[in-house]
Amino acid sequence: MSRQELIGPQGLRQDGRRASELRKIKCTPSVLSQSDGSSYIEQGNTKCLAAVYGPREARQKAQILHNKALITVEISLAPFSMSERKKRKKFDKRLLEIASAVKQTFEPIIMTNLFPRSQIDIFLQILQYDGGMIQICINAATLALIDAGIPMLEYVCACSAGIVEDTTILELLGTPELTVALLPQSQKVTLLQLETRLHVDKLEPVMKMAIEGAKDIYKHLDKISRNYIEDLLQKSNPHPPI
Amino acid sequence: MATDRRRIQGPEASVAPIILKSPNKIQLLDENLCRHNGRNLEDIRSISNGSAFIELNKTKIVCGVYGPRQTKIPAFSGKGNLNCEIKFAPFSCPKRRPPYRDSQEKELSQLIYEALTPSIRLDLLPKSTIDIYITILENDGTASCLAAAITCASVAVADAGIEMLDLVPACSASYINGHIFMDSDLIEEKRESGSLVLSYMPSLKEITHILQSGEVELNLTSQAIEQCTDSCSKIYSIMIDSLLLPIQNIK
Amino acid sequence: MPSSLISPSELDYIIRGVDDNLRADGRGRLDYREVILETGLISQANGSARCRLSKGTDVLVGVKVEIGSIEIDGTDEEVAAIEAKRGRIVCNVECSPIASQQFAGRGADDINNELTQLVDRVLNGPQGGLNLEKLCIIPGEECWIVYIDALVLDYGGNILDIIFTTIRAALHNTRVPKTVIEEDKEVEISDDVEEWERIEGWELVPISVTLNKIGTRHIVDATVLEELATKAKLSVMVNKNSKICGIQKIGGGSIEHSLLNEMLQTGRSLGQNLIHNLDKMLQKEEEINAKRKIGFFASA
């Protein structure tokens with residue numbers, strides 16, 4: 001695919017999106033039975049399941065932190081998640097790197113000081129992959145942490161953007177791009193990752209676009225989790241309104 | 001976290017312990033030329049607590065049992081651990097087996113573990129581990145090898161003096177053209193349409209393991225199970241004889 | 001791996017319940033939980049299926065077919081001649097840590113290996129059902145390799161039965177591209193999806209019925225707690241022709257000789273019902289699939 005073809009004459013991309021349009025998001029909280037919190041999220045063709053266990057007693061004594069909870073993140077990739085079947089080792093270097101980025105994103109957000117000497121585990125399972133690994137991991141983990149009822153300062157929403165021929169594009173997949181994880185209410189950035197060369201002048205608009213995308217994702221996640229809680233409340237109400 | 005957590009903070013003033021008894025000087029040889037550990041000069045140490053060797057025509061298997069020993073990192077459990085490891089010697093098969101453990105060996109280890117656990121009184125050995133190491137020197141049919149390994153390991157556990165409910169003889173059979181071939185070898189195994197491995201505790205009449213593959217009618221399976229239990233009873237008497245033999249020699 | 005524990009009173013409750021033919025969730029001894037089945041969810045795979053037991057086990061299977069070279073092993077000429085004309089199946093079962101905390105880190109290695117070997121043995125043997133000769137492209141040189149990857153997403157007991165059910169559904173959903181062999185032995189793959197064919201023999205792929213011996217009785221489709229109360233498990237693999245395609249005892253504990261025969265009988269007859277129900281569900285899925293394409297968990 002040559003670069004010129006990325007955006008067609010009508011300003012539409014190959015998958016029919018406009019330059020500033022997000023992929024379709026679908027998400028469901030609380031999908032698994034064994035975990036304390038879980039979520040399933042779909043952004044376009046990338047699909048991810050997240051499970052959160054904890055806070056619970058730290059498993060390895062050597063890892064205990066005396067003043068706060070320990071967070072661990074593990075990402076696994078299904079063998080059929082890419083177009084070519086590849087059995088990845090569980091401790092693939094690339095996945096470890098992303099896991100560590102996700103961990104660092106959540107460390108300042110989760111109120112770990114409330115749970116000294118304990119451990120919170122976040123497991124992420126990519127079922128289908130079509131670009132945007134870090135962002136989907138962060139979004140899925142946010143929803144799962146909320147489902148688990150773990151106190152956080154606020155949502156963390158991640159989105160990416162890139163630039164092609166002077167046009168900034170939201171969720172430019174397949175090519176290296178800029179990923180931003182945003183705290184939407186305080187407007188703080190907790191992760192910023194750039195995997196390509198970008199002119200300093202262009203950094204500003206690209207970041208702005210990614211932040212706008214993250215805000216949209218926040219609105220979506222917030223709506224879903226509020227609906228879910230309302231639904232739960234209604235179900236658990238012993239005297240339902242007639 | 002710069003401090004060393006593992007350091008034990010002792011009192012500031014300390015006193016050296018008083019040694020009440022000087023250690024005995026070890027006498028390497030006594031007047032009867034007997035060593036300090038009771039062995040004669042020519043005796044080598046007994047290698048493992050229990051061991052056994054089995055030979056079924058071409059199939060040859062050795063087994064060593066170590067333990068019960070203390071479990072290194074004991075998980076909470078009222079029962080002892082049983083650790084089985086089976087290894088094909090690199091020269092045991094027509095094709096060379098690499099010396100590291102592959103997935104087939106891991107699975108066989110699991111199967112042997114499952115076949116032996118019902119027979120061993122692990123509930124009497126909390127916080128301890130029994131190690132069983134099996135080496136296949138010559139492989140003449142994988143199914144018969146598995147059966148022989150179970151038999152051999154069971155004898156070795158008994159030899160180690162570990163309390164058991166019963167010995168576990170095991171037997172294999174192949175289904176070829178609607179016939180049941182008992183204890184088939186490698187050539188027969190290549191042409192089989194299915195196989196059965198069964199381990200059985202004859203005095204309790206309980207089956208400790210069953211593994212069947214291949215598309216078989218239920219009637220034929222039942223027949224094969226009957227035949228295998230019969231052969232297991234025969235193997236059982238051989239196992240008892242082999243265990244009694246060294247004791248009779250001592251008399 | 002910190003395995004879950006069960007208290008003596010829970011254990012007693014389960015054993016008595018099984019004795020009275022009434023289990024904690026209201027089922028009888030030989031009742032299955034409700035199964036939700038979806039096929040064709042993964043666009044990158046040639047076939048896929050997902051099965052979920054109500055509020056419990058969830059398994060996703062992806063099937064991919066790729067061209068590979070035929071491997072002949074052994075020196076036996078007679079055997080080699082058969083192998084030269086056959087495709088291959090490669091199975092892999094993975095328990096994801098999201099399913100249960102005991103699968104975290106290296107905790108799932110043993111169970112992954114055990115399940116992979118078991119599934120591989122059943123599907124690759126003569127009882128596997130699939131017509132391997134149809135998967136051969138150029139005898140002695142190239143063939144289709146069918147990669148079956150099962151992923152356990154949620155753990156609510158009885159994984160093995162669900163894995164086999166899902167594999168059968170995924171193979172029903174799988175389409176193999178048509179190939180044309182050109183003169184210089186180059187293999188050309190047809191792009192026309194309409195021409196892709198189903199793997200021959202999927203209907204003969206066996207499924208498994210796992211019977212759990214609790215107390216002196218046996219039950220099917222055990223939950224997590226019931227599995228902890230289980231003395232010994234017996235998995236019976238059955239195919240559509242009501243032939244036994246494999247038997248395996250799993251876990252410690254032993255089974256009495258008379259009970260074994262009874263369990264085999266039960267397993268075979270239950271397996272028939274399961275296959276019958278599965279085929280009905282698959283037929284329905286096929287009709288629905290023509291109309292919609294929605295993501296999984298959408299219906300959960």
# chains A, B, ... in the order shown; residues from 1 in each chain; ligands from 1
>>> closest_atom_pairs(of="chain C", to="chain A", cutoff="6 Å", atoms="only C-alpha atoms", output="JSON lines")
{"residue": "C:Gln44", "atom": "CA", "partner": "A:Ser83", "partner_atom": "CA", "distance": 5.2}
{"residue": "C:Gly62", "atom": "CA", "partner": "A:Phe80", "partner_atom": "CA", "distance": 5.9}
{"residue": "C:Ile98", "atom": "CA", "partner": "A:Ala51", "partner_atom": "CA", "distance": 5.2}
{"residue": "C:Ser100", "atom": "CA", "partner": "A:Gln34", "partner_atom": "CA", "distance": 5.8}
>>> residues_around(residues="C:Asn273", least_positions_apart="3", cutoff="12 Å", atoms="only C-alpha atoms", output="list in words")
Leu30, Asp31, Tyr32, Ile207, Ser208, Val209, Val238, Asn239, Lys240, Asn241, Ser242, Thr266, Gly267, Arg268, Ser269, Leu270, His276, Asn277, Leu278, Asp279 and Lys280 of chain C
>>> closest_atom_pairs(of="stretch 155-251 of chain B", to="stretch 251-257 of chain C", cutoff="12 Å", atoms="only C-alpha atoms", output="CSV")
residue,atom,partner,partner_atom,distance
B:Leu165,CA,C:Ser254,CA,11.7
B:Asp166,CA,C:Ser254,CA,11.9
B:Val168,CA,C:Ser254,CA,11.1
B:Leu198,CA,C:His257,CA,11.2
B:Ser199,CA,C:Ser254,CA,9.7
B:Tyr200,CA,C:Ser254,CA,8.7
B:Met201,CA,C:Ser254,CA,9.0
B:Pro202,CA,C:His257,CA,10.2
B:Ser203,CA,C:Glu256,CA,11.5
B:Leu204,CA,C:Glu256,CA,8.3
B:Lys205,CA,C:Glu256,CA,6.3
B:Glu206,CA,C:Glu256,CA,4.3
B:Ile207,CA,C:Ile255,CA,5.1
B:Thr208,CA,C:Ser254,CA,4.3
B:His209,CA,C:Ser254,CA,7.1
B:Ile210,CA,C:Ile255,CA,9.6
B:Ser222,CA,C:His257,CA,10.5
B:Ile225,CA,C:His257,CA,9.2
B:Glu226,CA,C:His257,CA,9.4
B:Cys228,CA,C:His257,CA,11.7
B:Thr229,CA,C:His257,CA,9.2
>>> closest_residue(among="A:Ile126, A:Leu192, A:Leu143, A:Ala62", to="chain B", atoms="only C-alpha atoms")
A:Ala62
>>> residues_around(residues="C:Asp58", least_positions_apart="2", cutoff="7 Å", atoms="only C-alpha atoms", output="ChimeraX atom specification")
/C:51-53,56,60,152-155
>>> write_last_selection(atoms="N, CA and C atoms", output="PDB file, in the first residue's frame")
ATOM      1  N   CYS C  51     -17.279 -21.590  22.450  1.00  0.00           N
ATOM      2  CA  CYS C  51     -18.329 -22.228  23.234  1.00  0.00           C
ATOM      3  C   CYS C  51     -18.284 -21.675  24.635  1.00  0.00           C
ATOM      4  N   ARG C  52     -19.435 -21.410  25.193  1.00  0.00           N
ATOM      5  CA  ARG C  52     -19.478 -20.953  26.568  1.00  0.00           C
ATOM      6  C   ARG C  52     -20.529 -21.749  27.322  1.00  0.00           C
ATOM      7  N   LEU C  53     -20.133 -22.273  28.479  1.00  0.00           N
ATOM      8  CA  LEU C  53     -21.105 -22.909  29.353  1.00  0.00           C
ATOM      9  C   LEU C  53     -21.693 -21.805  30.200  1.00  0.00           C
ATOM     10  N   GLY C  56     -19.683 -20.088  33.017  1.00  0.00           N
ATOM     11  CA  GLY C  56     -18.515 -20.914  33.329  1.00  0.00           C
ATOM     12  C   GLY C  56     -17.527 -20.937  32.187  1.00  0.00           C
ATOM     13  N   LEU C  60     -12.225 -20.709  23.042  1.00  0.00           N
ATOM     14  CA  LEU C  60     -12.202 -20.165  21.687  1.00  0.00           C
ATOM     15  C   LEU C  60     -11.214 -20.997  20.870  1.00  0.00           C
ATOM     16  N   VAL C 152      -8.337 -21.295  26.210  1.00  0.00           N
ATOM     17  CA  VAL C 152      -9.322 -21.331  27.297  1.00  0.00           C
ATOM     18  C   VAL C 152      -9.412 -19.930  27.891  1.00  0.00           C
ATOM     19  N   LEU C 153     -10.576 -19.296  27.742  1.00  0.00           N
ATOM     20  CA  LEU C 153     -10.733 -17.902  28.164  1.00  0.00           C
ATOM     21  C   LEU C 153     -11.322 -17.785  29.556  1.00  0.00           C
ATOM     22  N   ASP C 154     -12.113 -18.764  29.947  1.00  0.00           N
ATOM     23  CA  ASP C 154     -12.718 -18.694  31.265  1.00  0.00           C
ATOM     24  C   ASP C 154     -12.828 -20.118  31.789  1.00  0.00           C
ATOM     25  N   TYR C 155     -12.603 -20.263  33.099  1.00  0.00           N
ATOM     26  CA  TYR C 155     -12.511 -21.599  33.651  1.00  0.00           C
ATOM     27  C   TYR C 155     -13.645 -21.849  34.635  1.00  0.00           C
TER      28      TYR C 155
END
>>> interface_residues(of="chain A", to="chain B", cutoff="12 Å", atoms="only C-alpha atoms", output="list in words")
Arg59, Gln60, Lys61, Ala62, Gln63, Ile64, Leu65, His66 and Asn67 of chain A
>>> interface_residues(of="chain C", to="chain B", cutoff="10 Å", atoms="only C-alpha atoms", output="ChimeraX atom specification")
/C:1-3,5,73-76,78-79,110-111,113-118,121-129,206,231-232,234-239,241-261,264-265,268
>>> closest_residue(among="A:Gln43, A:Thr112, A:Thr196, A:Gln119", to="A:Ala158", atoms="only C-alpha atoms")
A:Gln43
>>> atom_distance(atom1="atom CA of C:Arg168", atom2="atom CA of C:Ser43")
18.3 Å
